[in-house]
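Listing of query_4.cif; format and content: mmCIF, C-alpha atoms and all ligand atoms.
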data_my_file
loop_
_atom_site.label_atom_id
_atom_site.label_comp_id
_atom_site.auth_asym_id
_atom_site.auth_seq_id
_atom_site.Cartn_x
_atom_site.Cartn_y
_atom_site.Cartn_z
CA MET A 312 -6.39 104.20 202.53
CA MET A 313 -6.36 100.92 204.47
CA THR A 314 -6.66 100.59 208.25
CA ARG A 315 -3.16 100.20 209.58
CA PRO A 316 -2.65 96.72 211.07
CA PRO A 317 -0.37 96.47 214.14
CA GLY A 318 3.32 96.61 213.31
CA LEU A 319 2.89 99.15 210.54
CA GLU A 320 2.94 102.31 212.68
CA ARG A 321 6.20 103.33 211.07
CA PHE A 322 4.37 103.99 207.80
CA GLU A 323 2.52 107.26 208.17
CA ASN A 324 0.68 107.04 204.87
CA ILE A 325 -0.43 103.80 203.23
CA LEU A 326 -2.13 104.42 199.90
CA VAL A 327 -3.71 101.44 198.16
CA PHE A 328 -5.01 101.78 194.61
CA ASP A 329 -6.86 99.31 192.48
CA ARG A 330 -4.95 100.41 189.38
CA VAL A 331 -2.21 102.91 188.65
CA PRO A 332 0.26 103.31 185.76
CA SER A 333 3.20 102.63 188.13
CA THR A 334 3.46 102.91 191.92
CA GLN A 335 7.09 103.98 191.40
CA ASP A 336 6.11 106.89 189.16
CA LEU A 337 3.24 107.87 191.45
CA ALA A 338 5.55 107.88 194.49
CA ARG A 339 8.02 110.02 192.54
CA GLN A 340 5.25 112.48 191.65
CA LEU A 341 4.15 112.66 195.30
CA VAL A 342 7.70 113.40 196.39
CA SER A 343 8.25 116.07 193.75
CA THR A 344 4.98 117.85 194.49
CA LEU A 345 4.36 117.27 198.20
CA ASP A 346 7.46 116.51 200.22
CA ASP A 347 8.52 119.69 202.00
CA ASP A 348 8.76 121.15 205.49
CA GLU A 349 5.07 120.72 206.18
CA ILE A 350 4.33 117.40 204.51
CA SER A 351 7.02 114.84 205.11
CA LEU A 352 6.68 111.76 202.94
CA PRO A 353 9.00 109.25 204.58
CA CYS A 354 7.71 106.73 205.41
CA THR A 355 4.94 106.43 202.81
CA VAL A 356 3.70 103.40 200.91
CA VAL A 357 2.04 103.46 197.50
CA ALA A 358 0.56 100.05 196.67
CA ALA A 359 -1.60 98.80 193.81
CA ARG A 360 -3.43 95.64 192.75
CA ARG A 361 -2.40 96.17 189.15
CA GLN A 362 -0.27 98.54 187.11
CA THR A 363 -0.69 99.53 183.48
CA LYS A 364 2.89 100.80 183.01
CA GLY A 365 4.92 98.86 185.58
CA ARG A 366 8.67 99.44 185.31
CA GLY A 367 11.44 96.91 185.87
CA ARG A 368 15.19 97.40 186.12
CA GLY A 369 17.20 98.42 183.08
CA ASP A 370 14.29 100.16 181.31
CA ARG A 371 12.35 96.91 181.06
CA GLY A 372 8.63 96.76 181.74
CA TRP A 373 7.15 94.84 184.66
CA PHE A 374 4.05 92.86 183.71
CA SER A 375 1.56 93.82 186.43
CA PRO A 376 -1.86 92.16 186.12
CA ALA A 377 -4.29 91.60 189.01
CA GLY A 378 -2.84 88.66 190.95
CA GLY A 379 0.34 90.37 192.07
CA LEU A 380 1.49 92.82 194.72
CA TYR A 381 2.99 96.06 193.46
CA LEU A 382 4.27 98.67 195.87
CA THR A 383 6.73 101.47 196.37
CA LEU A 384 8.08 102.49 199.76
CA VAL A 385 9.34 106.03 200.27
CA LEU A 386 12.14 105.86 202.83
CA PRO A 387 14.61 108.45 204.14
CA VAL A 388 18.32 108.05 203.38
CA GLU A 389 21.14 109.74 205.18
CA SER A 390 23.46 109.92 202.16
CA LEU A 391 23.89 108.11 198.86
CA GLU A 392 27.13 106.58 200.10
CA ALA A 393 25.44 105.21 203.22
CA ALA A 394 22.64 103.78 201.09
CA LEU A 395 24.78 101.73 198.71
CA HIS A 396 23.85 98.45 200.39
CA ARG A 397 20.11 99.23 200.51
CA PRO A 398 19.24 97.30 197.30
CA LEU A 399 20.78 94.23 198.91
CA ALA A 400 19.00 94.96 202.21
CA ALA A 401 15.64 95.11 200.43
CA ALA A 402 16.26 91.68 198.90
CA VAL A 403 17.23 90.28 202.30
CA LEU A 404 14.01 91.58 203.86
CA LEU A 405 11.86 90.22 201.08
CA ALA A 406 13.54 86.79 201.05
CA GLU A 407 13.28 86.59 204.86
CA THR A 408 9.58 87.49 204.72
CA LEU A 409 8.86 84.80 202.15
CA ARG A 410 10.76 82.24 204.20
CA GLU A 411 9.43 83.18 207.64
CA THR A 412 5.83 84.13 206.85
CA PHE A 413 5.11 81.82 203.93
CA GLY A 414 7.57 78.99 204.56
CA VAL A 415 9.05 79.04 201.06
CA ASP A 416 12.68 78.47 200.16
CA ALA A 417 13.51 81.97 198.87
CA ALA A 418 17.01 82.87 197.70
CA ILE A 419 18.65 85.98 196.22
CA LYS A 420 20.20 86.41 192.80
CA TRP A 421 22.54 89.42 192.60
CA PRO A 422 21.69 92.15 193.13
CA ASN A 423 18.13 91.75 194.35
CA ASP A 424 15.99 89.28 192.43
CA VAL A 425 14.21 86.87 194.73
CA LEU A 426 13.99 83.31 193.41
CA CYS A 427 12.38 80.09 194.53
CA GLY A 428 13.68 76.90 192.94
CA GLY A 429 15.57 79.00 190.35
CA ARG A 430 12.39 80.85 189.24
CA LYS A 431 11.80 84.53 189.90
CA VAL A 432 9.04 85.27 192.41
CA ALA A 433 9.81 88.96 193.04
CA GLY A 434 11.84 91.87 191.74
CA LEU A 435 13.03 95.13 193.27
CA LEU A 436 13.71 98.51 191.71
CA LEU A 437 15.53 101.06 193.90
CA GLU A 438 15.78 104.71 192.91
CA HIS A 439 16.85 107.91 194.67
CA VAL A 440 14.97 111.17 194.38
CA ALA A 441 16.11 114.53 195.65
CA ARG A 442 13.86 116.05 198.32
CA LYS A 443 11.89 119.10 197.32
CA SER A 444 13.36 120.99 200.27
CA GLY A 445 16.86 120.18 198.99
CA ALA A 446 17.66 118.41 202.26
CA GLY A 447 19.08 115.04 201.23
CA SER A 448 17.29 112.41 199.23
CA LEU A 449 14.66 109.75 199.50
CA LEU A 450 14.85 106.13 198.51
CA LEU A 451 12.04 104.64 196.43
CA VAL A 452 11.91 100.89 196.98
CA GLY A 453 9.72 99.39 194.23
CA LEU A 454 8.68 95.80 194.80
CA GLY A 455 6.72 93.44 192.59
CA LEU A 456 5.69 90.05 194.01
CA ASN A 457 3.89 87.35 192.01
CA LEU A 458 0.91 86.03 193.97
CA GLU A 459 -1.12 84.00 191.44
CA ARG A 460 0.15 81.50 188.91
CA ALA A 461 -2.91 82.09 186.69
CA ALA A 462 -1.92 85.73 186.20
CA LEU A 463 1.57 84.73 185.06
CA VAL A 464 0.20 82.20 182.58
CA ASP A 465 -2.18 84.82 181.14
CA GLY A 466 0.85 87.06 180.71
CA GLY A 467 2.59 84.44 178.57
CA ASP A 468 5.01 82.90 181.07
CA ALA A 469 4.80 79.58 179.26
CA THR A 470 8.35 78.56 180.15
CA GLY A 471 7.80 78.93 183.87
CA ALA A 472 10.72 81.33 184.29
CA ALA A 473 8.58 83.05 186.92
CA VAL A 474 6.81 81.51 189.87
CA ALA A 475 3.95 82.73 192.06
CA LEU A 476 3.40 82.45 195.79
CA ASP A 477 0.24 80.32 195.45
CA GLU A 478 2.21 77.60 193.64
CA LEU A 479 4.88 77.63 196.29
CA THR A 480 2.59 77.57 199.33
CA GLY A 481 -0.15 75.40 197.83
CA ARG A 482 -2.79 77.96 198.87
CA PRO A 483 -4.06 81.33 197.66
CA VAL A 484 -2.15 84.28 199.11
CA GLY A 485 -4.21 87.46 199.05
CA PHE A 486 -3.05 90.98 198.28
CA ASP A 487 -3.74 92.26 201.83
CA GLU A 488 -1.96 89.34 203.47
CA ALA A 489 1.13 89.76 201.30
CA LEU A 490 1.13 93.56 201.68
CA THR A 491 0.92 93.35 205.47
CA ALA A 492 3.71 90.77 205.70
CA VAL A 493 6.07 92.78 203.49
CA LEU A 494 5.33 96.09 205.23
CA ARG A 495 5.82 94.57 208.70
CA ALA A 496 9.31 93.43 207.71
CA PHE A 497 10.28 96.83 206.30
CA ALA A 498 8.72 98.68 209.27
CA ARG A 499 10.68 96.51 211.71
CA GLU A 500 13.93 97.16 209.86
CA GLU A 501 13.28 100.93 209.63
CA SER A 502 12.70 101.04 213.40
CA ALA A 503 15.77 98.96 214.28
CA PRO A 504 18.06 98.80 211.24
CA ARG A 505 20.72 96.13 211.19
CA SER A 506 24.28 97.25 210.53
CA ARG A 507 25.55 97.16 206.97
CA GLU A 508 27.87 94.29 207.95
CA ALA A 509 24.96 92.25 209.34
CA ILE A 510 22.88 92.84 206.20
CA LEU A 511 25.75 91.84 203.91
CA ALA A 512 26.41 88.70 205.97
CA ARG A 513 22.73 87.75 205.71
CA TRP A 514 22.72 88.48 201.95
CA ARG A 515 25.66 86.06 201.54
CA GLU A 516 23.74 83.34 203.41
CA LEU A 517 20.64 83.81 201.27
CA ALA A 518 22.38 84.26 197.89
CA ILE A 519 22.46 81.58 195.20
CA HIS A 520 26.07 82.59 194.41
CA ARG A 521 29.13 80.92 195.89
CA PRO A 522 32.75 82.06 195.52
CA GLY A 523 34.13 80.86 192.19
CA ASP A 524 30.73 80.71 190.40
CA GLU A 525 31.03 82.01 186.85
CA LEU A 526 29.04 85.20 186.20
CA ARG A 527 28.44 87.41 183.21
CA VAL A 528 27.29 90.97 183.92
CA ARG A 529 25.91 93.66 181.65
CA LEU A 530 26.71 97.18 182.81
CA GLY A 531 24.52 100.25 182.29
CA ASP A 532 26.51 101.31 179.18
CA GLY A 533 25.88 97.89 177.55
CA ARG A 534 29.43 96.62 178.18
CA GLU A 535 29.62 92.99 179.31
CA SER A 536 32.13 91.43 181.65
CA THR A 537 32.70 87.77 182.55
CA GLY A 538 34.39 86.54 185.67
CA ARG A 539 34.02 84.60 188.88
CA PHE A 540 31.96 85.63 191.89
CA ALA A 541 34.44 86.73 194.54
CA GLY A 542 31.97 88.12 197.06
CA LEU A 543 30.76 91.58 198.11
CA ASP A 544 32.99 94.42 199.21
CA GLU A 545 32.43 96.38 202.42
CA VAL A 546 29.74 98.63 200.91
CA GLY A 547 27.93 95.84 199.05
CA ARG A 548 29.39 96.09 195.55
CA LEU A 549 29.80 92.86 193.60
CA GLU A 550 33.40 91.69 193.37
CA LEU A 551 33.97 90.00 190.03
CA GLU A 552 37.31 88.32 189.49
CA THR A 553 38.20 88.82 185.84
CA ALA A 554 41.34 88.20 183.79
CA ALA A 555 42.22 91.87 184.36
CA GLY A 556 41.78 91.72 188.14
CA VAL A 557 38.88 92.23 190.56
CA GLU A 558 36.15 94.57 189.28
CA ARG A 559 33.84 96.19 191.84
CA ILE A 560 30.35 96.66 190.42
CA ALA A 561 27.67 98.72 192.14
CA SER A 562 24.92 98.20 189.61
CA ALA A 563 24.44 95.92 186.60
CA ASP A 564 22.38 92.96 185.42
CA LEU A 565 23.42 89.32 185.35
CA VAL A 566 23.24 87.86 181.86
CA PRO A 567 21.56 84.43 181.96
C1 LIG B 1 12.89 94.02 188.26
O1 LIG B 1 13.15 94.36 187.08
O2 LIG B 1 13.15 92.89 188.67
C2 LIG B 1 12.30 95.02 189.20
C3 LIG B 1 10.80 95.03 189.13
C4 LIG B 1 10.18 96.06 190.05
C5 LIG B 1 8.68 96.16 189.83
C6 LIG B 1 8.01 97.03 190.86
S1 LIG B 1 6.28 96.78 190.90
C7 LIG B 1 6.08 98.17 191.94
C8 LIG B 1 7.04 99.24 191.45
N1 LIG B 1 6.40 100.03 190.41
C9 LIG B 1 6.98 99.86 189.23
O3 LIG B 1 6.63 100.41 188.16
N2 LIG B 1 8.02 99.01 189.34
C10 LIG B 1 8.20 98.55 190.70
#

So, in terms of C-alpha cells, how does the structure I just supplied come out?
Amino acid sequence: MMTRPPGLERFENILVFDRVPSTQDLARQLVSTLDDDEISLPCTVVAARRQTKGRGRGDRGWFSPAGGLYLTLVLPVESLEAALHRPLAAAVLLAETLRETFGVDAAIKWPNDVLCGGRKVAGLLLEHVARKSGAGSLLLVGLGLNLERAALVDGGDATGAAVALDELTGRPVGFDEALTAVLRAFAREESAPRSREAILARWRELAIHRPGDELRVRLGDGRESTGRFAGLDEVGRLELETAAGVERIASADLVP
C-alpha cells in the first residue's frame, strides 16, 4: 500500500505489487471475491512493477518487464450502454497526461493505443465484470505504459515499434512518478466527468486519423473490413465508410 499523494483521494484502495501475473486478472479476482455490500471496490487501483502474464487486447500477451507501469483501475459504471465511450475516454486521459505532465507529443490510434511519433508508448485493455451483489457492473481499465527504453530492447523490440517515456523526455521517469500522474488524471475525471460529447470531441483532436484515411479493421470473429475513416458516431463507435455503406464498429483492431 502506498501513501496516497494529494489528488488521489478518489481511489480508496491503492495496491502496489512488485510482481503479479496480471493486474487485470488480480483486479478481477478481487471483484469476484470481495466486492459486495460491505466491501465496495470502486475505486480501487491494482498496480505492479512487472507482470509475468500480462494480457493485451485480442488475446495477445503484454510484455511486462521491470521498467514499465502496469495497472488496473476498478471503476463503477452506470450501464454498459452508457460506458461505450469509456475506452476512448481512457485514451484521452492517458494522452493528455503524457502531453501535460511529461510534455510529449502523444496521439491516439483507434480505439485506444497511445503513440508518440508513430510508435506505441501505451496500451489500454477495458473489460466489464458483473458485481458480486448483482447490482450493475464494474469497469476494469488496464493500462500498460513503457517507461524505460532498455526494458523494451531486452524484450526484443529491435524495430523500435514501441517507444518508452525516458526516450521521449530525455530523462528517467520513475514508476511512482508515472503512477501518480496517471492516477491524478483518472481521479480528476471520476470526480468531474466530462460529457460523452466533450470526450469524443477531444478524442478527435488527439487522434492520428483524419476523415478519408484508409483503414483496415479486424473484427473479433476474424473478419476483416477495409474502408475510409468517417469519424465516430454519437456513442463512440468507429464509422468506417466501405463499398457497402457505413459500418459502425464498437470493438476491433486496426490491421497495420
Ligand atoms: C494492448 O493490447 O494494447 C493493451 C495492453 C494492456 C496491458 C495492461 S498492463 C496492466 C493490465 N494488466 C494486464 O494484464 N493487461 C493490462

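Of the residues listed (A:Arg315, A:Lys420, A:Arg460, A:Arg397), A:Lys420 shows the shortest atom-to-atom separation from ligand LIG 1 (chain B); distances use all atoms listed in the file.
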
Using all atoms listed in the file for the distances, tell me which of A:Ala441, A:Val557, A:Leu490, A:Val425 is nearest to ligand LIG 1 (chain B).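 Selected residue with least distance to ligand LIG 1 (chain B): A:Val425.
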
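Proximity ranking of A:Phe322, A:Phe540, A:Phe374, A:Tyr381 relative to ligand LIG 1 (chain B) places A:Tyr381 first, based on all atoms listed in the file.
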
Separation of CA of Gly533 (chain A) from CA of Gly466 (chain A), in Å and rounded to one decimal: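 Computed distance, CA of Gly533 (chain A) to CA of Gly466 (chain A), equals 27.5 Å.
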
CA of Pro422 (chain A) to CA of Gly542 (chain A), straight-line distance in Å: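 Distance reported for this atom pair: 11.7 Å.
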
Hey, which residues sit close to ligand LIG 1 (chain B)? Say within 6 Å, counting only C-alpha atoms and all ligand atoms, and write them as a PyMOL selection string. chain A and resi 333-335+365-368+373+381-383+424+434-436+453-455

So which one's closest to Glu438 (chain A), A:Ser562, A:Thr553, A:Thr408, A:Thr537? Using all atoms listed in the file, please.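 Among A:Ser562, A:Thr553, A:Thr408, A:Thr537, it is A:Ser562 that comes nearest to Glu438 (chain A).
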
Across A:Leu341, A:Leu352, A:Ala406, A:Leu565, the smallest distance to Asn324 (chain A), with only C-alpha atoms counted, is shown by A:Leu352

All file atoms of region 335-344 of chain A boxed axis-aligned, 6 Å per side, centre plus edges, as JSON:
{"center_x": 5.7, "center_y": 110.9, "center_z": 192.8, "size_x": 17.0, "size_y": 25.9, "size_z": 19.2}

Separation of CA of Cys354 (chain A) from CA of Leu386 (chain A) in Å: 5.2 Å

Could you give me, as a Markdown table, a per-residue list for region 353-464 of chain A showing, wherever an atom lies at most 8 Å from an atom of region 516-521 of chain A, the closest pair of atoms and their distance in Å to one decimal, using all atoms listed in the file and sorting by chain then residue number from low to high?
| residue | atom | partner | partner_atom | distance |
| --- | --- | --- | --- | --- |
| A:Val403 | CA | A:Leu517 | CA | 7.4 |
| A:Ala406 | CA | A:Leu517 | CA | 7.7 |
| A:Ala417 | CA | A:Leu517 | CA | 7.7 |
| A:Ala418 | CA | A:Leu517 | CA | 5.2 |
| A:Ile419 | CA | A:Ala518 | CA | 4.4 |
| A:Lys420 | CA | A:Ile519 | CA | 5.8 |
| A:Trp421 | CA | A:Ala518 | CA | 7.4 |

For region 499-505 of chain A, find every residue with an atom within 10 Å (counting all atoms listed in the file), except residues of its own chain fewer than 2 positions away, and show them as a list in words.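 So, after excluding close chain neighbours, the residues are Gly318, Leu319, Glu320, Arg321, Phe322, Cys354, Leu386, Pro387, Ala400, Ala401, Leu404, Leu494, Arg495, Ala496, Phe497, Arg507, Glu508, Ala509, Ile510 and Leu511 of chain A.
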
Since the input lacks atoms, please generate N, CA, C and O atoms for region 406-432 of chain A and provide them as a CSV table (one decimal), keeping the file's coordinate frame.
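Saved result, result11.csv, follows:
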chain,number,residue,atom,x,y,z
A,406,ALA,N,13.3,88.2,201.0
A,406,ALA,CA,13.5,86.8,201.0
A,406,ALA,C,13.2,86.3,202.5
A,406,ALA,O,12.6,85.2,202.6
A,407,GLU,N,13.6,87.0,203.5
A,407,GLU,CA,13.3,86.6,204.9
A,407,GLU,C,11.8,86.5,205.1
A,407,GLU,O,11.3,85.6,205.7
A,408,THR,N,11.0,87.5,204.6
A,408,THR,CA,9.6,87.5,204.7
A,408,THR,C,9.0,86.3,204.1
A,408,THR,O,8.1,85.6,204.6
A,409,LEU,N,9.4,86.0,202.9
A,409,LEU,CA,8.9,84.8,202.2
A,409,LEU,C,9.2,83.5,202.9
A,409,LEU,O,8.4,82.6,203.0
A,410,ARG,N,10.4,83.4,203.5
A,410,ARG,CA,10.8,82.2,204.2
A,410,ARG,C,10.0,82.1,205.5
A,410,ARG,O,9.4,81.1,205.8
A,411,GLU,N,10.0,83.2,206.3
A,411,GLU,CA,9.4,83.2,207.6
A,411,GLU,C,7.9,83.2,207.7
A,411,GLU,O,7.3,82.5,208.4
A,412,THR,N,7.3,84.0,206.8
A,412,THR,CA,5.8,84.1,206.8
A,412,THR,C,5.2,83.1,206.0
A,412,THR,O,4.1,82.6,206.3
A,413,PHE,N,5.8,82.7,204.9
A,413,PHE,CA,5.1,81.8,203.9
A,413,PHE,C,5.8,80.5,203.8
A,413,PHE,O,5.3,79.6,203.1
A,414,GLY,N,6.9,80.3,204.5
A,414,GLY,CA,7.6,79.0,204.6
A,414,GLY,C,8.1,78.5,203.2
A,414,GLY,O,8.2,77.3,203.0
A,415,VAL,N,8.5,79.5,202.4
A,415,VAL,CA,9.0,79.0,201.1
A,415,VAL,C,10.6,79.3,201.0
A,415,VAL,O,11.1,80.1,201.8
A,416,ASP,N,11.2,78.5,200.2
A,416,ASP,CA,12.7,78.5,200.2
A,416,ASP,C,13.2,79.6,199.2
A,416,ASP,O,13.7,79.3,198.1
A,417,ALA,N,13.1,80.8,199.7
A,417,ALA,CA,13.5,82.0,198.9
A,417,ALA,C,15.0,82.2,198.9
A,417,ALA,O,15.6,82.1,200.0
A,418,ALA,N,15.6,82.6,197.8
A,418,ALA,CA,17.0,82.9,197.7
A,418,ALA,C,17.2,84.1,196.8
A,418,ALA,O,16.3,84.6,196.2
A,419,ILE,N,18.4,84.7,196.9
A,419,ILE,CA,18.6,86.0,196.2
A,419,ILE,C,19.6,85.8,195.1
A,419,ILE,O,20.7,85.2,195.3
A,420,LYS,N,19.3,86.4,193.9
A,420,LYS,CA,20.2,86.4,192.8
A,420,LYS,C,20.7,87.9,192.7
A,420,LYS,O,19.9,88.8,192.7
A,421,TRP,N,22.0,88.1,192.6
A,421,TRP,CA,22.5,89.4,192.6
A,421,TRP,C,21.9,90.3,191.5
A,421,TRP,O,21.7,89.8,190.4
A,422,PRO,N,21.5,91.5,191.8
A,422,PRO,CA,21.7,92.2,193.1
A,422,PRO,C,20.5,91.9,194.0
A,422,PRO,O,20.7,91.7,195.2
A,423,ASN,N,19.3,91.9,193.4
A,423,ASN,CA,18.1,91.8,194.4
A,423,ASN,C,16.9,91.1,193.7
A,423,ASN,O,15.8,91.4,194.1
A,424,ASP,N,17.1,90.1,192.9
A,424,ASP,CA,16.0,89.3,192.4
A,424,ASP,C,15.8,88.2,193.5
A,424,ASP,O,16.7,87.7,194.1
A,425,VAL,N,14.5,87.9,193.8
A,425,VAL,CA,14.2,86.9,194.7
A,425,VAL,C,13.7,85.7,194.0
A,425,VAL,O,12.7,85.8,193.2
A,426,LEU,N,14.3,84.5,194.2
A,426,LEU,CA,14.0,83.3,193.4
A,426,LEU,C,13.5,82.2,194.4
A,426,LEU,O,13.9,82.2,195.5
A,427,CYS,N,12.7,81.3,193.8
A,427,CYS,CA,12.4,80.1,194.5
A,427,CYS,C,12.6,79.0,193.5
A,427,CYS,O,12.0,79.0,192.4
A,428,GLY,N,13.4,78.0,193.9
A,428,GLY,CA,13.7,76.9,192.9
A,428,GLY,C,14.2,77.4,191.6
A,428,GLY,O,13.9,76.8,190.5
A,429,GLY,N,15.0,78.5,191.6
A,429,GLY,CA,15.6,79.0,190.4
A,429,GLY,C,14.6,79.9,189.5
A,429,GLY,O,15.0,80.4,188.5
A,430,ARG,N,13.4,80.0,190.0
A,430,ARG,CA,12.4,80.8,189.2
A,430,ARG,C,12.1,82.1,190.0
A,430,ARG,O,12.0,82.1,191.2
A,431,LYS,N,11.9,83.2,189.2
A,431,LYS,CA,11.8,84.5,189.9
A,431,LYS,C,10.4,84.7,190.5
A,431,LYS,O,9.4,84.6,189.8
A,432,VAL,N,10.3,85.0,191.8
A,432,VAL,CA,9.0,85.3,192.4
A,432,VAL,C,8.8,86.8,192.7
A,432,VAL,O,7.7,87.2,192.8
